[in-house]
Amino acid sequence: MDFAKADGAARTLVQEHLHTAVDRAKHPLATINDIAMRLGLLVHVPASDPPAEIELDELGAGIERILVVVEPNASATLVERPAAPMHRVVECVLGEGARVDHVRLQPPSESVEYHLVAARLGTASRYRLAQYSQGAALRRNDLHVAVAGRGAEVEVHCGYRLAAGTHLDTQVGVEHEATDGVSRQTARGVVGERARAVLNGRIHVAPGAQRTDAALTTKSLLLAPTAQMNAKPELTIYADDVRCAHGATVGELDADALFYLRSRGVTEGAARELLIGGFLAEAVAGAASDDARALLGIAR
């Protein structure tokens with residue numbers, strides 16, 4: 001439902017949940033979205049059987065706000081298909097025991113874009129975000145998840161492939177606020193000639209968030225000497241009973257693997273695509289996987 005048409009129960013949902021997942025002090029561009037928003041969309045998911053399936057295509061507003069409210073024990077799959085918003089904020093609020101699979105598909109663009117996905121997880125809920133991106137003239141993706149309920153689980157998967165001269169900046173933050181939370185962040189990216197990628201991944205464990213289990217890995221391939229990748233995994237831990245890990249690697253295509261494929265009659269171009277596809281496939285799983293493979297140029 002459009003915010004402008006919401007009344008009664010829908011208006012109450014907007015008033016209760018808007019800004020509960022978005023921290024505007026940490027994400028000031030979300031305030032710009034509030035001011036300049038041309039479309040506000042409420043997606044309300046009550047508990048039902050089977051799980052809800054929601055697809056968002058081109059909305060045409062340019063500056064958009066999407067509020068997703070998932071009731072306790074409800075389940076949903078949310079897919080954002082290729083579109084061209086300049087400024088989109090998606091806010092997901094999960095009730096106790098809720099389950100959400102969220103897929104974002106970002107095609108190449110020549111514009112300047114800002115996107116924020118913020119989620120707040122209730123007790124024993126599970127949120128899985130998979131974002132597949134190509135580059136733009138300037139594209140910034142902020143991903144922020146608050147593990148606010150005990151035993152909540154989050155997975156964040158990022159796969160990206162940047163063509164020559166494009167840009168992608170991804171900032172991922174997972175805030176563990178409650179006990180027994182689990183989080184996994186996985187990123188795989190390929191950066192082309194004169195392209196620039198940034199990936200900062202942060203895990204924050206608050207005081208009292210005991211028995212947190214969190215991990216972050218990011219791996220990147222540079223296809224040319226002029227490609228740039230800036231990766232920074234980060235841990236801030238204020239609890240003493242946790243299990244946390246992080247790692248980052250940046251490299252180029254394996255010359256020995258290329259030679260092996262060439263020696264078996266595979267052309268150089270096809271050999272490179274096979275290796276790139278196998279590398280990126282590690283980040284592709286779950287809903288809309290065929291669309292993700294097509295977006296990233298991965299052959300079946």
# chains A, B, ... in the order shown; residues from 1 in each chain; ligands from 1
call {"tool": "residues_around", "arguments": {"residues": "Ala124 (chain A)", "least_positions_apart": "5", "cutoff": "8 Å", "atoms": "only C-alpha atoms", "output": "list of chain:residue names"}}
result
A:Glu96, A:Gly97, A:Ala98, A:Gly149, A:Arg150, A:Gly151, A:Ala152, A:Glu153
call {"tool": "write_last_selection", "arguments": {"atoms": "C-alpha atoms", "output": "mmCIF file, in the first residue's frame"}}
result
data_model
loop_
_atom_site.group_PDB
_atom_site.id
_atom_site.type_symbol
_atom_site.label_atom_id
_atom_site.label_comp_id
_atom_site.auth_asym_id
_atom_site.auth_seq_id
_atom_site.Cartn_x
_atom_site.Cartn_y
_atom_site.Cartn_z
ATOM 1 C CA GLU A 96 9.421 -13.083 16.707
ATOM 2 C CA GLY A 97 10.054 -16.255 14.721
ATOM 3 C CA ALA A 98 9.663 -14.511 11.340
ATOM 4 C CA GLY A 149 16.230 -10.574 19.542
ATOM 5 C CA ARG A 150 17.722 -13.566 21.280
ATOM 6 C CA GLY A 151 18.700 -16.401 18.960
ATOM 7 C CA ALA A 152 18.126 -14.414 15.759
ATOM 8 C CA GLU A 153 20.108 -15.345 12.648
#
call {"tool": "residues_around", "arguments": {"residues": "region 270-283 of chain A", "least_positions_apart": "3", "cutoff": "8 Å", "atoms": "only C-alpha atoms", "output": "VMD selection string"}}
result
chain A and resid 157 to 160 186 to 190 253 258 261 to 262 266 to 267 293 296 to 299
call {"tool": "write_last_selection", "arguments": {"atoms": "C-alpha atoms", "output": "PDB file, in the first residue's frame"}}
result
ATOM      1  CA  HIS A 157      25.632 -12.565   0.592  1.00  0.00           C
ATOM      2  CA  CYS A 158      27.086 -10.046  -1.854  1.00  0.00           C
ATOM      3  CA  GLY A 159      28.107 -10.887  -5.401  1.00  0.00           C
ATOM      4  CA  TYR A 160      29.266  -8.197  -7.801  1.00  0.00           C
ATOM      5  CA  THR A 186      30.051 -13.489   2.480  1.00  0.00           C
ATOM      6  CA  ALA A 187      31.185 -11.358  -0.461  1.00  0.00           C
ATOM      7  CA  ARG A 188      32.623 -12.342  -3.843  1.00  0.00           C
ATOM      8  CA  GLY A 189      33.520  -9.699  -6.422  1.00  0.00           C
ATOM      9  CA  VAL A 190      35.202  -9.273  -9.787  1.00  0.00           C
ATOM     10  CA  LEU A 253      43.062 -15.135 -12.005  1.00  0.00           C
ATOM     11  CA  LEU A 258      44.287 -20.663 -17.151  1.00  0.00           C
ATOM     12  CA  LEU A 261      42.263 -24.946 -19.544  1.00  0.00           C
ATOM     13  CA  ARG A 262      44.158 -23.577 -22.553  1.00  0.00           C
ATOM     14  CA  VAL A 266      39.670 -23.930 -24.328  1.00  0.00           C
ATOM     15  CA  THR A 267      40.126 -20.455 -25.769  1.00  0.00           C
ATOM     16  CA  ARG A 293      23.587 -15.810 -12.570  1.00  0.00           C
ATOM     17  CA  LEU A 296      26.609 -11.603 -13.067  1.00  0.00           C
ATOM     18  CA  GLY A 297      27.251 -13.273 -16.430  1.00  0.00           C
ATOM     19  CA  ILE A 298      27.686 -16.772 -14.998  1.00  0.00           C
ATOM     20  CA  ALA A 299      27.101 -19.552 -17.498  1.00  0.00           C
TER      21      ALA A 299
END
call {"tool": "select_by_dssp", "arguments": {"residues": "region 22-114 of chain A", "states": "alpha helix (DSSP H)", "output": "ChimeraX atom specification"}}
result
/A:29-36
call {"tool": "write_last_selection", "arguments": {"atoms": "all heavy atoms", "output": "mmCIF file, in the first residue's frame"}}
result
data_model
loop_
_atom_site.group_PDB
_atom_site.id
_atom_site.type_symbol
_atom_site.label_atom_id
_atom_site.label_comp_id
_atom_site.auth_asym_id
_atom_site.auth_seq_id
_atom_site.Cartn_x
_atom_site.Cartn_y
_atom_site.Cartn_z
ATOM 1 N N LEU A 29 22.002 9.903 4.890
ATOM 2 C CA LEU A 29 21.320 9.978 3.594
ATOM 3 C C LEU A 29 19.907 9.416 3.671
ATOM 4 O O LEU A 29 19.090 9.683 2.785
ATOM 5 C CB LEU A 29 22.125 9.245 2.527
ATOM 6 C CG LEU A 29 23.405 9.958 2.069
ATOM 7 C CD1 LEU A 29 24.170 9.095 1.079
ATOM 8 C CD2 LEU A 29 23.092 11.309 1.451
ATOM 9 N N ALA A 30 19.596 8.645 4.714
ATOM 10 C CA ALA A 30 18.216 8.203 4.911
ATOM 11 C C ALA A 30 17.309 9.383 5.221
ATOM 12 O O ALA A 30 16.117 9.379 4.876
ATOM 13 C CB ALA A 30 18.142 7.174 6.033
ATOM 14 N N THR A 31 17.853 10.411 5.866
ATOM 15 C CA THR A 31 17.069 11.616 6.138
ATOM 16 C C THR A 31 16.750 12.345 4.840
ATOM 17 O O THR A 31 15.659 12.893 4.672
ATOM 18 C CB THR A 31 17.836 12.539 7.102
ATOM 19 O OG1 THR A 31 18.090 11.828 8.312
ATOM 20 C CG2 THR A 31 17.031 13.781 7.413
ATOM 21 N N ILE A 32 17.712 12.351 3.906
ATOM 22 C CA ILE A 32 17.442 12.931 2.593
ATOM 23 C C ILE A 32 16.294 12.197 1.920
ATOM 24 O O ILE A 32 15.424 12.792 1.288
ATOM 25 C CB ILE A 32 18.706 12.875 1.710
ATOM 26 C CG1 ILE A 32 19.868 13.609 2.378
ATOM 27 C CG2 ILE A 32 18.432 13.428 0.322
ATOM 28 C CD1 ILE A 32 19.615 15.079 2.611
ATOM 29 N N ASN A 33 16.277 10.878 2.068
ATOM 30 C CA ASN A 33 15.188 10.081 1.516
ATOM 31 C C ASN A 33 13.857 10.484 2.146
ATOM 32 O O ASN A 33 12.836 10.597 1.451
ATOM 33 C CB ASN A 33 15.470 8.594 1.733
ATOM 34 C CG ASN A 33 14.453 7.681 1.102
ATOM 35 O OD1 ASN A 33 13.411 7.394 1.698
ATOM 36 N ND2 ASN A 33 14.746 7.210 -0.102
ATOM 37 N N ASP A 34 13.842 10.700 3.461
ATOM 38 C CA ASP A 34 12.615 11.142 4.131
ATOM 39 C C ASP A 34 12.105 12.456 3.550
ATOM 40 O O ASP A 34 10.901 12.646 3.342
ATOM 41 C CB ASP A 34 12.870 11.335 5.631
ATOM 42 C CG ASP A 34 13.073 10.020 6.368
ATOM 43 O OD1 ASP A 34 12.629 8.981 5.846
ATOM 44 O OD2 ASP A 34 13.671 10.041 7.447
ATOM 45 N N ILE A 35 13.026 13.364 3.287
ATOM 46 C CA ILE A 35 12.640 14.702 2.834
ATOM 47 C C ILE A 35 12.175 14.692 1.385
ATOM 48 O O ILE A 35 11.167 15.322 1.031
ATOM 49 C CB ILE A 35 13.826 15.674 3.016
ATOM 50 C CG1 ILE A 35 14.170 15.839 4.495
ATOM 51 C CG2 ILE A 35 13.520 17.031 2.385
ATOM 52 C CD1 ILE A 35 15.471 16.562 4.747
ATOM 53 N N ALA A 36 12.919 13.984 0.536
ATOM 54 C CA ALA A 36 12.676 14.056 -0.908
ATOM 55 C C ALA A 36 11.878 12.882 -1.457
ATOM 56 O O ALA A 36 11.684 12.783 -2.672
ATOM 57 C CB ALA A 36 14.021 14.140 -1.642
#
call {"tool": "residues_around", "arguments": {"residues": "region 206-223 of chain A", "least_positions_apart": "4", "cutoff": "8 Å", "atoms": "only C-alpha atoms", "output": "NGL selection string"}}
result
:A and (175-193 or 201 or 227-229 or 231 or 233 or 237-253)
call {"tool": "write_last_selection", "arguments": {"atoms": "C-alpha atoms", "output": "JSON list (two decimals), in the first residue's frame"}}
result
[["chain", "number", "residue", "atom", "x", "y", "z"],
["A", 175, "GLU", "CA", 24.96, -5.17, 15.11],
["A", 176, "HIS", "CA", 24.58, -7.97, 17.66],
["A", 177, "GLU", "CA", 22.46, -6.57, 20.48],
["A", 178, "ALA", "CA", 21.10, -9.79, 22.06],
["A", 179, "THR", "CA", 22.42, -13.15, 23.22],
["A", 180, "ASP", "CA", 22.86, -16.28, 21.06],
["A", 181, "GLY", "CA", 22.80, -14.40, 17.76],
["A", 182, "VAL", "CA", 24.34, -15.84, 14.59],
["A", 183, "SER", "CA", 25.55, -13.88, 11.56],
["A", 184, "ARG", "CA", 27.42, -14.72, 8.38],
["A", 185, "GLN", "CA", 28.67, -12.22, 5.79],
["A", 186, "THR", "CA", 30.05, -13.49, 2.48],
["A", 187, "ALA", "CA", 31.18, -11.36, -0.46],
["A", 188, "ARG", "CA", 32.62, -12.34, -3.84],
["A", 189, "GLY", "CA", 33.52, -9.70, -6.42],
["A", 190, "VAL", "CA", 35.20, -9.27, -9.79],
["A", 191, "VAL", "CA", 36.62, -5.86, -10.67],
["A", 192, "GLY", "CA", 37.38, -4.92, -14.27],
["A", 193, "GLU", "CA", 39.78, -2.45, -15.84],
["A", 201, "GLY", "CA", 32.19, -5.28, 6.53],
["A", 227, "ALA", "CA", 41.37, -2.29, -11.21],
["A", 228, "GLN", "CA", 40.98, -1.14, -7.60],
["A", 229, "MET", "CA", 39.59, -2.96, -4.59],
["A", 231, "ALA", "CA", 38.34, -4.16, 1.49],
["A", 233, "PRO", "CA", 36.71, -6.30, 7.57],
["A", 237, "ILE", "CA", 33.51, -6.85, 20.49],
["A", 238, "TYR", "CA", 32.29, -5.82, 23.94],
["A", 239, "ALA", "CA", 31.28, -9.26, 25.25],
["A", 240, "ASP", "CA", 33.60, -11.99, 26.54],
["A", 241, "ASP", "CA", 31.80, -15.18, 25.44],
["A", 242, "VAL", "CA", 31.72, -14.98, 21.64],
["A", 243, "ARG", "CA", 33.04, -16.68, 18.53],
["A", 244, "CYS", "CA", 33.94, -14.20, 15.78],
["A", 245, "ALA", "CA", 36.15, -14.34, 12.69],
["A", 246, "HIS", "CA", 36.90, -12.27, 9.62],
["A", 247, "GLY", "CA", 39.11, -12.42, 6.54],
["A", 248, "ALA", "CA", 39.76, -10.62, 3.25],
["A", 249, "THR", "CA", 41.70, -11.64, 0.14],
["A", 250, "VAL", "CA", 42.41, -9.85, -3.14],
["A", 251, "GLY", "CA", 44.06, -11.55, -6.09],
["A", 252, "GLU", "CA", 44.04, -12.22, -9.82],
["A", 253, "LEU", "CA", 43.06, -15.13, -12.01]]
call {"tool": "residues_around", "arguments": {"residues": "Gly135 (chain A)", "least_positions_apart": "2", "cutoff": "12 Å", "atoms": "only C-alpha atoms", "output": "ChimeraX atom specification"}}
result
/A:105-113,132-133,137-141,159-170,189-192,194-198,295-296
call {"tool": "atom_distance", "arguments": {"atom1": "CA of Gly40 (chain A)", "atom2": "CA of Arg65 (chain A)"}}
result
4.7 Å
call {"tool": "residues_around", "arguments": {"residues": "region 171-173 of chain A", "least_positions_apart": "6", "cutoff": "6 Å", "atoms": "only C-alpha atoms", "output": "JSON, numbers by chain"}}
result
{"A": [142, 143, 144, 199, 200, 201, 202]}
call {"tool": "write_last_selection", "arguments": {"atoms": "N, CA and C atoms", "output": "JSON list (two decimals), in the first residue's frame"}}
result
[["chain", "number", "residue", "atom", "x", "y", "z"],
["A", 142, "ASP", "N", 24.39, 0.68, 1.36],
["A", 142, "ASP", "CA", 24.54, 0.49, 2.80],
["A", 142, "ASP", "C", 23.62, -0.64, 3.23],
["A", 143, "LEU", "N", 24.17, -1.62, 3.93],
["A", 143, "LEU", "CA", 23.40, -2.76, 4.44],
["A", 143, "LEU", "C", 23.60, -2.80, 5.95],
["A", 144, "HIS", "N", 22.52, -2.69, 6.69],
["A", 144, "HIS", "CA", 22.61, -2.62, 8.15],
["A", 144, "HIS", "C", 21.58, -3.56, 8.76],
["A", 199, "LEU", "N", 34.49, -2.43, -0.20],
["A", 199, "LEU", "CA", 33.65, -3.28, 0.63],
["A", 199, "LEU", "C", 34.16, -3.22, 2.07],
["A", 200, "ASN", "N", 33.38, -2.58, 2.91],
["A", 200, "ASN", "CA", 33.66, -2.55, 4.34],
["A", 200, "ASN", "C", 32.63, -3.42, 5.04],
["A", 201, "GLY", "N", 33.09, -4.41, 5.78],
["A", 201, "GLY", "CA", 32.19, -5.28, 6.53],
["A", 201, "GLY", "C", 32.47, -5.15, 8.02],
["A", 202, "ARG", "N", 31.45, -4.90, 8.79],
["A", 202, "ARG", "CA", 31.62, -4.66, 10.22],
["A", 202, "ARG", "C", 30.72, -5.57, 11.03]]
call {"tool": "select_by_dssp", "arguments": {"residues": "region 84-182 of chain A", "states": "strand (DSSP E)", "output": "PyMOL selection string"}}
result
chain A and resi 87-94+99-106+112-121+126-134+138-147+153-162+167-176+182
call {"tool": "residues_around", "arguments": {"residues": "region 43-48 of chain A", "least_positions_apart": "3", "cutoff": "6 Å", "atoms": "only C-alpha atoms", "output": "PDB file with N, CA and C atoms, in the first residue's frame"}}
result
ATOM      1  N   VAL A  68       8.841  -2.888   5.107  1.00  0.00           N
ATOM      2  CA  VAL A  68       8.371  -4.269   5.117  1.00  0.00           C
ATOM      3  C   VAL A  68       8.178  -4.685   6.573  1.00  0.00           C
ATOM      4  N   VAL A  69       6.943  -4.975   6.946  1.00  0.00           N
ATOM      5  CA  VAL A  69       6.613  -5.396   8.307  1.00  0.00           C
ATOM      6  C   VAL A  69       6.191  -6.860   8.257  1.00  0.00           C
ATOM      7  N   VAL A  70       6.960  -7.721   8.910  1.00  0.00           N
ATOM      8  CA  VAL A  70       6.701  -9.160   8.894  1.00  0.00           C
ATOM      9  C   VAL A  70       6.266  -9.567  10.296  1.00  0.00           C
ATOM     10  N   GLU A  71       5.041 -10.035  10.402  1.00  0.00           N
ATOM     11  CA  GLU A  71       4.466 -10.360  11.696  1.00  0.00           C
ATOM     12  C   GLU A  71       5.127 -11.600  12.308  1.00  0.00           C
ATOM     13  N   ASN A  73       6.165 -15.136  13.318  1.00  0.00           N
ATOM     14  CA  ASN A  73       5.998 -16.462  12.705  1.00  0.00           C
ATOM     15  C   ASN A  73       5.572 -16.409  11.241  1.00  0.00           C
ATOM     16  N   ALA A  74       5.595 -15.241  10.629  1.00  0.00           N
ATOM     17  CA  ALA A  74       5.303 -15.135   9.204  1.00  0.00           C
ATOM     18  C   ALA A  74       6.563 -15.398   8.392  1.00  0.00           C
TER      19      ALA A  74
END
call {"tool": "closest_residue", "arguments": {"among": "A:Thr20, A:Thr12, A:Gln131, A:Thr123", "to": "Ala287 (chain A)", "atoms": "only C-alpha atoms"}}
result
A:Gln131
call {"tool": "residues_around", "arguments": {"residues": "region 13-15 of chain A", "least_positions_apart": "5", "cutoff": "9 Å", "atoms": "only C-alpha atoms", "output": "PyMOL selection string"}}
result
chain A and resi 3+6+8+42+44+67+69
call {"tool": "write_last_selection", "arguments": {"atoms": "N, CA, C and O atoms", "output": "PDB file, in the first residue's frame"}}
result
ATOM      1  N   PHE A   3       2.019   4.809   1.030  1.00  0.00           N
ATOM      2  CA  PHE A   3       1.896   5.553   2.280  1.00  0.00           C
ATOM      3  C   PHE A   3       0.762   6.578   2.195  1.00  0.00           C
ATOM      4  O   PHE A   3       0.015   6.782   3.153  1.00  0.00           O
ATOM      5  N   ALA A   6      -2.606   5.094   2.885  1.00  0.00           N
ATOM      6  CA  ALA A   6      -2.764   4.278   4.089  1.00  0.00           C
ATOM      7  C   ALA A   6      -3.715   4.951   5.069  1.00  0.00           C
ATOM      8  O   ALA A   6      -3.668   6.158   5.294  1.00  0.00           O
ATOM      9  N   GLY A   8      -6.296   3.827   8.798  1.00  0.00           N
ATOM     10  CA  GLY A   8      -6.643   2.789   9.757  1.00  0.00           C
ATOM     11  C   GLY A   8      -5.444   1.970  10.175  1.00  0.00           C
ATOM     12  O   GLY A   8      -4.416   2.488  10.616  1.00  0.00           O
ATOM     13  N   LEU A  42       4.237   0.448   1.730  1.00  0.00           N
ATOM     14  CA  LEU A  42       4.129  -0.452   2.874  1.00  0.00           C
ATOM     15  C   LEU A  42       3.855  -1.868   2.376  1.00  0.00           C
ATOM     16  O   LEU A  42       2.920  -2.096   1.601  1.00  0.00           O
ATOM     17  N   HIS A  44       3.015  -5.401   4.118  1.00  0.00           N
ATOM     18  CA  HIS A  44       2.664  -6.019   5.393  1.00  0.00           C
ATOM     19  C   HIS A  44       2.483  -7.516   5.173  1.00  0.00           C
ATOM     20  O   HIS A  44       1.687  -7.942   4.324  1.00  0.00           O
ATOM     21  N   LEU A  67       8.790   0.014   3.310  1.00  0.00           N
ATOM     22  CA  LEU A  67       8.719  -0.492   4.684  1.00  0.00           C
ATOM     23  C   LEU A  67       8.089  -1.875   4.650  1.00  0.00           C
ATOM     24  O   LEU A  67       6.948  -2.041   4.208  1.00  0.00           O
ATOM     25  N   VAL A  69       6.943  -4.975   6.946  1.00  0.00           N
ATOM     26  CA  VAL A  69       6.613  -5.396   8.307  1.00  0.00           C
ATOM     27  C   VAL A  69       6.191  -6.860   8.257  1.00  0.00           C
ATOM     28  O   VAL A  69       5.173  -7.196   7.623  1.00  0.00           O
TER      29      VAL A  69
END
call {"tool": "atom_distance", "arguments": {"atom1": "CA of Gly60 (chain A)", "atom2": "CA of Pro85 (chain A)"}}
result
7.1 Å
call {"tool": "atom_distance", "arguments": {"atom1": "CA of Pro72 (chain A)", "atom2": "CA of Arg99 (chain A)"}}
result
8.9 Å
